[in-house]
Structure formats: C-alpha cells, structure tokens
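File shown: upload_15.pdb (PDB, C-alpha atoms).
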MODEL        1
ATOM      1  CA  MET C 289      46.492 -66.866 -28.318  1.00  0.00           C
ATOM      2  CA  SER C 290      45.836 -67.415 -31.991  1.00  0.00           C
ATOM      3  CA  GLU C 291      42.212 -67.752 -33.005  1.00  0.00           C
ATOM      4  CA  LYS C 292      43.213 -70.891 -34.881  1.00  0.00           C
ATOM      5  CA  LEU C 293      44.064 -72.549 -31.568  1.00  0.00           C
ATOM      6  CA  VAL C 294      40.852 -71.573 -29.826  1.00  0.00           C
ATOM      7  CA  PRO C 295      38.028 -74.055 -30.261  1.00  0.00           C
ATOM      8  CA  HIS C 296      35.000 -72.509 -31.911  1.00  0.00           C
ATOM      9  CA  SER C 297      31.904 -73.178 -29.904  1.00  0.00           C
ATOM     10  CA  PRO C 298      28.547 -71.455 -29.992  1.00  0.00           C
ATOM     11  CA  ALA C 299      29.394 -69.776 -26.665  1.00  0.00           C
ATOM     12  CA  THR C 300      32.690 -68.466 -28.069  1.00  0.00           C
ATOM     13  CA  GLU C 301      30.959 -67.146 -31.183  1.00  0.00           C
ATOM     14  CA  ASP C 302      28.211 -65.524 -29.093  1.00  0.00           C
ATOM     15  CA  ALA C 303      30.821 -63.822 -26.901  1.00  0.00           C
ATOM     16  CA  LYS C 304      32.672 -62.506 -29.964  1.00  0.00           C
ATOM     17  CA  ALA C 305      29.424 -61.184 -31.451  1.00  0.00           C
ATOM     18  CA  SER C 306      28.569 -59.506 -28.149  1.00  0.00           C
ATOM     19  CA  VAL C 307      31.990 -57.831 -27.908  1.00  0.00           C
ATOM     20  CA  SER C 308      31.706 -56.708 -31.518  1.00  0.00           C
ATOM     21  CA  LEU C 309      28.287 -55.163 -30.882  1.00  0.00           C
ATOM     22  CA  ASP C 310      29.546 -53.500 -27.696  1.00  0.00           C
ATOM     23  CA  ARG C 311      32.488 -51.993 -29.564  1.00  0.00           C
ATOM     24  CA  SER C 312      30.300 -50.828 -32.426  1.00  0.00           C
ATOM     25  CA  ALA C 313      27.898 -49.153 -30.031  1.00  0.00           C
ATOM     26  CA  GLY C 314      30.818 -47.695 -28.096  1.00  0.00           C
ATOM     27  CA  ALA C 315      32.350 -46.307 -31.273  1.00  0.00           C
ATOM     28  CA  ARG C 316      29.076 -44.600 -32.213  1.00  0.00           C
ATOM     29  CA  ILE C 317      28.740 -43.094 -28.743  1.00  0.00           C
ATOM     30  CA  LEU C 318      32.360 -41.928 -28.788  1.00  0.00           C
ATOM     31  CA  ALA C 319      31.970 -40.384 -32.255  1.00  0.00           C
ATOM     32  CA  ARG C 320      28.844 -38.505 -31.237  1.00  0.00           C
ATOM     33  CA  SER C 321      30.432 -37.269 -28.018  1.00  0.00           C
ATOM     34  CA  PHE C 322      33.582 -36.235 -29.890  1.00  0.00           C
ATOM     35  CA  TYR C 323      31.486 -34.394 -32.472  1.00  0.00           C
ATOM     36  CA  LYS C 324      29.406 -32.563 -29.856  1.00  0.00           C
ATOM     37  CA  GLU C 325      32.505 -31.605 -27.870  1.00  0.00           C
ATOM     38  CA  LEU C 326      34.310 -30.239 -30.919  1.00  0.00           C
ATOM     39  CA  ARG C 327      31.233 -28.344 -32.136  1.00  0.00           C
ATOM     40  CA  SER C 328      30.734 -26.794 -28.699  1.00  0.00           C
ATOM     41  CA  SER C 329      34.419 -25.808 -28.765  1.00  0.00           C
ATOM     42  CA  GLY C 330      33.879 -23.813 -31.940  1.00  0.00           C
ATOM     43  CA  TYR C 331      34.901 -26.208 -34.695  1.00  0.00           C
ATOM     44  CA  THR C 332      32.943 -25.702 -37.906  1.00  0.00           C
ATOM     45  CA  PRO C 333      31.427 -28.523 -39.943  1.00  0.00           C
ATOM     46  CA  ARG C 334      34.102 -27.905 -42.594  1.00  0.00           C
ATOM     47  CA  GLN C 335      36.874 -28.250 -40.013  1.00  0.00           C
ATOM     48  CA  LEU C 336      35.293 -31.458 -38.706  1.00  0.00           C
ATOM     49  CA  LEU C 337      35.157 -32.798 -42.245  1.00  0.00           C
ATOM     50  CA  THR C 338      38.871 -32.053 -42.644  1.00  0.00           C
ATOM     51  CA  LEU C 339      39.574 -33.817 -39.352  1.00  0.00           C
ATOM     52  CA  SER C 340      37.462 -36.806 -40.417  1.00  0.00           C
ATOM     53  CA  THR C 341      39.246 -37.019 -43.747  1.00  0.00           C
ATOM     54  CA  GLU C 342      42.606 -37.068 -41.984  1.00  0.00           C
ATOM     55  CA  LEU C 343      41.426 -39.834 -39.624  1.00  0.00           C
ATOM     56  CA  ILE C 344      40.228 -41.906 -42.578  1.00  0.00           C
ATOM     57  CA  GLU C 345      43.588 -41.402 -44.312  1.00  0.00           C
ATOM     58  CA  LEU C 346      45.480 -42.566 -41.211  1.00  0.00           C
ATOM     59  CA  ILE C 347      43.255 -45.627 -40.863  1.00  0.00           C
ATOM     60  CA  THR C 348      43.695 -46.403 -44.566  1.00  0.00           C
ATOM     61  CA  GLN C 349      47.472 -46.264 -44.154  1.00  0.00           C
ATOM     62  CA  ASP C 350      47.284 -48.661 -41.186  1.00  0.00           C
ATOM     63  CA  LEU C 351      45.130 -51.101 -43.124  1.00  0.00           C
ATOM     64  CA  GLN C 352      47.450 -50.964 -46.138  1.00  0.00           C
ATOM     65  CA  LYS C 353      50.448 -51.616 -43.891  1.00  0.00           C
ATOM     66  CA  GLU C 354      48.699 -54.588 -42.268  1.00  0.00           C
ATOM     67  CA  ARG C 355      47.830 -55.978 -45.697  1.00  0.00           C
ATOM     68  CA  ARG C 356      51.445 -55.636 -46.906  1.00  0.00           C
ATOM     69  CA  GLU C 357      52.726 -57.350 -43.766  1.00  0.00           C
ATOM     70  CA  ALA C 358      50.204 -60.169 -44.169  1.00  0.00           C
ATOM     71  CA  VAL C 359      51.304 -60.700 -47.759  1.00  0.00           C
ATOM     72  CA  LYS C 360      54.959 -60.755 -46.719  1.00  0.00           C
ATOM     73  CA  GLY C 361      54.176 -63.225 -43.923  1.00  0.00           C
ATOM     74  CA  ALA C 362      52.315 -65.518 -46.315  1.00  0.00           C
ATOM     75  CA  ALA C 363      55.174 -65.567 -48.805  1.00  0.00           C
TER      76      ALA C 363
ENDMDL
END

Would you write the structure of this file as structure tokens?
Amino acid sequence: MSEKLVPHSPATEDAKASVSLDRSAGARILARSFYKELRSSGYTPRQLLTLSTELIELITQDLQKERREAVKGAA
C-alpha cells in the first residue's frame, strides 16, 4: 500500500521510527558479525576494504537506478 494512502498518526510514526531503529541496530550487528567472521577466516583489512568498496559501488548503482526511474516516472 502506498504511504500516501496510509493515514499518518502518531502511532504510525512511532512504529516507523521503531522499525527504522531496529533495522539500524540490526545492520550494525550484522556488519560487525560479518567483519569478525571474515577476519577469523583470514581476510586482511585491505581485502575487507576492497570488499567494502565494491559493496558501496553496488549500492550506489542501485540508488542511481532508482533515481533515474523516479525521474522517468515523474515525467
């Protein structure tokens, strides 16, 4: 359902904030676990930096694609 169709109430906003915080905390925990697992598997800090750079590049490409599609949809 589109967010535009959902009434915005304090309870709805509180729930969204709670989910956002949960996901942020979950992402930090996942990142730390992923880091520890890779380090214990023998990956060097330089290799982890290369991996991180690649992840950022992939995310950047996704965001650029979403932006292009949003612009096309608005036109």

**Minimum-distance residue to Phe322 of chain C, chosen among C:Glu345, C:Asp302, C:Leu336, C:Val359 (using only C-alpha atoms)** = C:Leu336

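Straight-line separation from atom CA of Arg320 of chain C to atom CA of Arg355 of chain C: 29.6 Å.
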
**Prompt:** Near Leu326 of chain C, counting all atoms listed in the file, which residues have an atom at most 12 Å away, once you skip same-chain residues fewer than 6 positions from it, shown as a list in words?
**Reply:**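 Counting all atoms listed in the file, the residues come to Ala319, Arg320, Thr332, Pro333, Arg334, Gln335, Leu336, Leu337, Leu339 and Ser340 of chain C.
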
**Request:** Find the distance between atom CA of Gln349 of chain C and atom CA of Ala305 of chain C and write it in Å to one decimal.
**Result:**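 Value for the atom CA of Gln349 of chain C-atom CA of Ala305 of chain C distance: 26.6 Å.
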
**Gap from atom CA of Leu346 of chain C to atom CA of Ala315 of chain C - Å, one decimal** =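 If I compute the distance from atom CA of Leu346 of chain C to atom CA of Ala315 of chain C, I get 16.9 Å.
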
Save segment 314-346 of chain C to disk from that block, N, CA and C atoms included, as a PDB file, in the first residue's frame.
ATOM      1  N   GLY C 314      20.210  -3.619  13.729  1.00  0.00           N
ATOM      2  CA  GLY C 314      20.447  -4.901  13.082  1.00  0.00           C
ATOM      3  C   GLY C 314      21.558  -4.819  12.056  1.00  0.00           C
ATOM      4  N   ALA C 315      21.600  -3.732  11.308  1.00  0.00           N
ATOM      5  CA  ALA C 315      22.642  -3.556  10.300  1.00  0.00           C
ATOM      6  C   ALA C 315      24.013  -3.450  10.958  1.00  0.00           C
ATOM      7  N   ARG C 316      24.090  -2.730  12.073  1.00  0.00           N
ATOM      8  CA  ARG C 316      25.376  -2.623  12.785  1.00  0.00           C
ATOM      9  C   ARG C 316      25.823  -3.982  13.304  1.00  0.00           C
ATOM     10  N   ILE C 317      24.895  -4.729  13.882  1.00  0.00           N
ATOM     11  CA  ILE C 317      25.225  -6.057  14.404  1.00  0.00           C
ATOM     12  C   ILE C 317      25.678  -6.973  13.272  1.00  0.00           C
ATOM     13  N   LEU C 318      24.951  -6.946  12.161  1.00  0.00           N
ATOM     14  CA  LEU C 318      25.303  -7.771  11.010  1.00  0.00           C
ATOM     15  C   LEU C 318      26.682  -7.404  10.476  1.00  0.00           C
ATOM     16  N   ALA C 319      26.965  -6.111  10.360  1.00  0.00           N
ATOM     17  CA  ALA C 319      28.261  -5.659   9.849  1.00  0.00           C
ATOM     18  C   ALA C 319      29.394  -6.131  10.755  1.00  0.00           C
ATOM     19  N   ARG C 320      29.192  -5.998  12.056  1.00  0.00           N
ATOM     20  CA  ARG C 320      30.239  -6.427  12.986  1.00  0.00           C
ATOM     21  C   ARG C 320      30.450  -7.939  12.936  1.00  0.00           C
ATOM     22  N   SER C 321      29.360  -8.675  12.856  1.00  0.00           N
ATOM     23  CA  SER C 321      29.466 -10.137  12.767  1.00  0.00           C
ATOM     24  C   SER C 321      30.157 -10.550  11.473  1.00  0.00           C
ATOM     25  N   PHE C 322      29.769  -9.901  10.372  1.00  0.00           N
ATOM     26  CA  PHE C 322      30.360 -10.174   9.066  1.00  0.00           C
ATOM     27  C   PHE C 322      31.858  -9.885   9.102  1.00  0.00           C
ATOM     28  N   TYR C 323      32.227  -8.763   9.686  1.00  0.00           N
ATOM     29  CA  TYR C 323      33.627  -8.373   9.801  1.00  0.00           C
ATOM     30  C   TYR C 323      34.409  -9.407  10.605  1.00  0.00           C
ATOM     31  N   LYS C 324      33.896  -9.759  11.779  1.00  0.00           N
ATOM     32  CA  LYS C 324      34.585 -10.730  12.638  1.00  0.00           C
ATOM     33  C   LYS C 324      34.737 -12.081  11.947  1.00  0.00           C
ATOM     34  N   GLU C 325      33.683 -12.513  11.257  1.00  0.00           N
ATOM     35  CA  GLU C 325      33.725 -13.797  10.560  1.00  0.00           C
ATOM     36  C   GLU C 325      34.775 -13.785   9.450  1.00  0.00           C
ATOM     37  N   LEU C 326      34.797 -12.711   8.671  1.00  0.00           N
ATOM     38  CA  LEU C 326      35.773 -12.630   7.582  1.00  0.00           C
ATOM     39  C   LEU C 326      37.201 -12.525   8.115  1.00  0.00           C
ATOM     40  N   ARG C 327      37.399 -11.749   9.176  1.00  0.00           N
ATOM     41  CA  ARG C 327      38.739 -11.635   9.762  1.00  0.00           C
ATOM     42  C   ARG C 327      39.207 -12.980  10.302  1.00  0.00           C
ATOM     43  N   SER C 328      38.290 -13.707  10.959  1.00  0.00           N
ATOM     44  CA  SER C 328      38.683 -15.011  11.512  1.00  0.00           C
ATOM     45  C   SER C 328      38.907 -16.038  10.404  1.00  0.00           C
ATOM     46  N   SER C 329      38.396 -15.755   9.213  1.00  0.00           N
ATOM     47  CA  SER C 329      38.599 -16.639   8.063  1.00  0.00           C
ATOM     48  C   SER C 329      39.854 -16.274   7.276  1.00  0.00           C
ATOM     49  N   GLY C 330      40.575 -15.268   7.747  1.00  0.00           N
ATOM     50  CA  GLY C 330      41.854 -14.942   7.129  1.00  0.00           C
ATOM     51  C   GLY C 330      41.866 -13.727   6.220  1.00  0.00           C
ATOM     52  N   TYR C 331      40.754 -13.046   6.075  1.00  0.00           N
ATOM     53  CA  TYR C 331      40.747 -11.848   5.236  1.00  0.00           C
ATOM     54  C   TYR C 331      41.541 -10.735   5.927  1.00  0.00           C
ATOM     55  N   THR C 332      42.313 -10.016   5.137  1.00  0.00           N
ATOM     56  CA  THR C 332      43.109  -8.912   5.678  1.00  0.00           C
ATOM     57  C   THR C 332      42.268  -7.635   5.673  1.00  0.00           C
ATOM     58  N   PRO C 333      42.694  -6.645   6.461  1.00  0.00           N
ATOM     59  CA  PRO C 333      41.980  -5.364   6.419  1.00  0.00           C
ATOM     60  C   PRO C 333      41.922  -4.778   5.003  1.00  0.00           C
ATOM     61  N   ARG C 334      42.972  -4.934   4.234  1.00  0.00           N
ATOM     62  CA  ARG C 334      42.984  -4.414   2.860  1.00  0.00           C
ATOM     63  C   ARG C 334      41.939  -5.130   2.003  1.00  0.00           C
ATOM     64  N   GLN C 335      41.829  -6.431   2.164  1.00  0.00           N
ATOM     65  CA  GLN C 335      40.827  -7.190   1.410  1.00  0.00           C
ATOM     66  C   GLN C 335      39.415  -6.784   1.829  1.00  0.00           C
ATOM     67  N   LEU C 336      39.221  -6.536   3.127  1.00  0.00           N
ATOM     68  CA  LEU C 336      37.907  -6.099   3.597  1.00  0.00           C
ATOM     69  C   LEU C 336      37.576  -4.704   3.075  1.00  0.00           C
ATOM     70  N   LEU C 337      38.578  -3.869   2.947  1.00  0.00           N
ATOM     71  CA  LEU C 337      38.354  -2.545   2.370  1.00  0.00           C
ATOM     72  C   LEU C 337      37.944  -2.661   0.910  1.00  0.00           C
ATOM     73  N   THR C 338      38.578  -3.559   0.169  1.00  0.00           N
ATOM     74  CA  THR C 338      38.202  -3.793  -1.226  1.00  0.00           C
ATOM     75  C   THR C 338      36.771  -4.301  -1.316  1.00  0.00           C
ATOM     76  N   LEU C 339      36.416  -5.235  -0.446  1.00  0.00           N
ATOM     77  CA  LEU C 339      35.052  -5.754  -0.407  1.00  0.00           C
ATOM     78  C   LEU C 339      34.051  -4.635  -0.090  1.00  0.00           C
ATOM     79  N   SER C 340      34.386  -3.810   0.891  1.00  0.00           N
ATOM     80  CA  SER C 340      33.505  -2.708   1.283  1.00  0.00           C
ATOM     81  C   SER C 340      33.321  -1.702   0.150  1.00  0.00           C
ATOM     82  N   THR C 341      34.395  -1.432  -0.551  1.00  0.00           N
ATOM     83  CA  THR C 341      34.327  -0.508  -1.684  1.00  0.00           C
ATOM     84  C   THR C 341      33.407  -1.054  -2.761  1.00  0.00           C
ATOM     85  N   GLU C 342      33.499  -2.344  -3.025  1.00  0.00           N
ATOM     86  CA  GLU C 342      32.631  -2.969  -4.022  1.00  0.00           C
ATOM     87  C   GLU C 342      31.171  -2.908  -3.588  1.00  0.00           C
ATOM     88  N   LEU C 343      30.898  -3.168  -2.308  1.00  0.00           N
ATOM     89  CA  LEU C 343      29.522  -3.073  -1.802  1.00  0.00           C
ATOM     90  C   LEU C 343      28.972  -1.654  -1.962  1.00  0.00           C
ATOM     91  N   ILE C 344      29.794  -0.673  -1.633  1.00  0.00           N
ATOM     92  CA  ILE C 344      29.359   0.725  -1.775  1.00  0.00           C
ATOM     93  C   ILE C 344      29.070   1.040  -3.236  1.00  0.00           C
ATOM     94  N   GLU C 345      29.902   0.549  -4.141  1.00  0.00           N
ATOM     95  CA  GLU C 345      29.682   0.780  -5.575  1.00  0.00           C
ATOM     96  C   GLU C 345      28.360   0.158  -6.023  1.00  0.00           C
ATOM     97  N   LEU C 346      28.078  -1.051  -5.580  1.00  0.00           N
ATOM     98  CA  LEU C 346      26.820  -1.713  -5.958  1.00  0.00           C
ATOM     99  C   LEU C 346      25.609  -0.956  -5.412  1.00  0.00           C
TER     100      LEU C 346
END
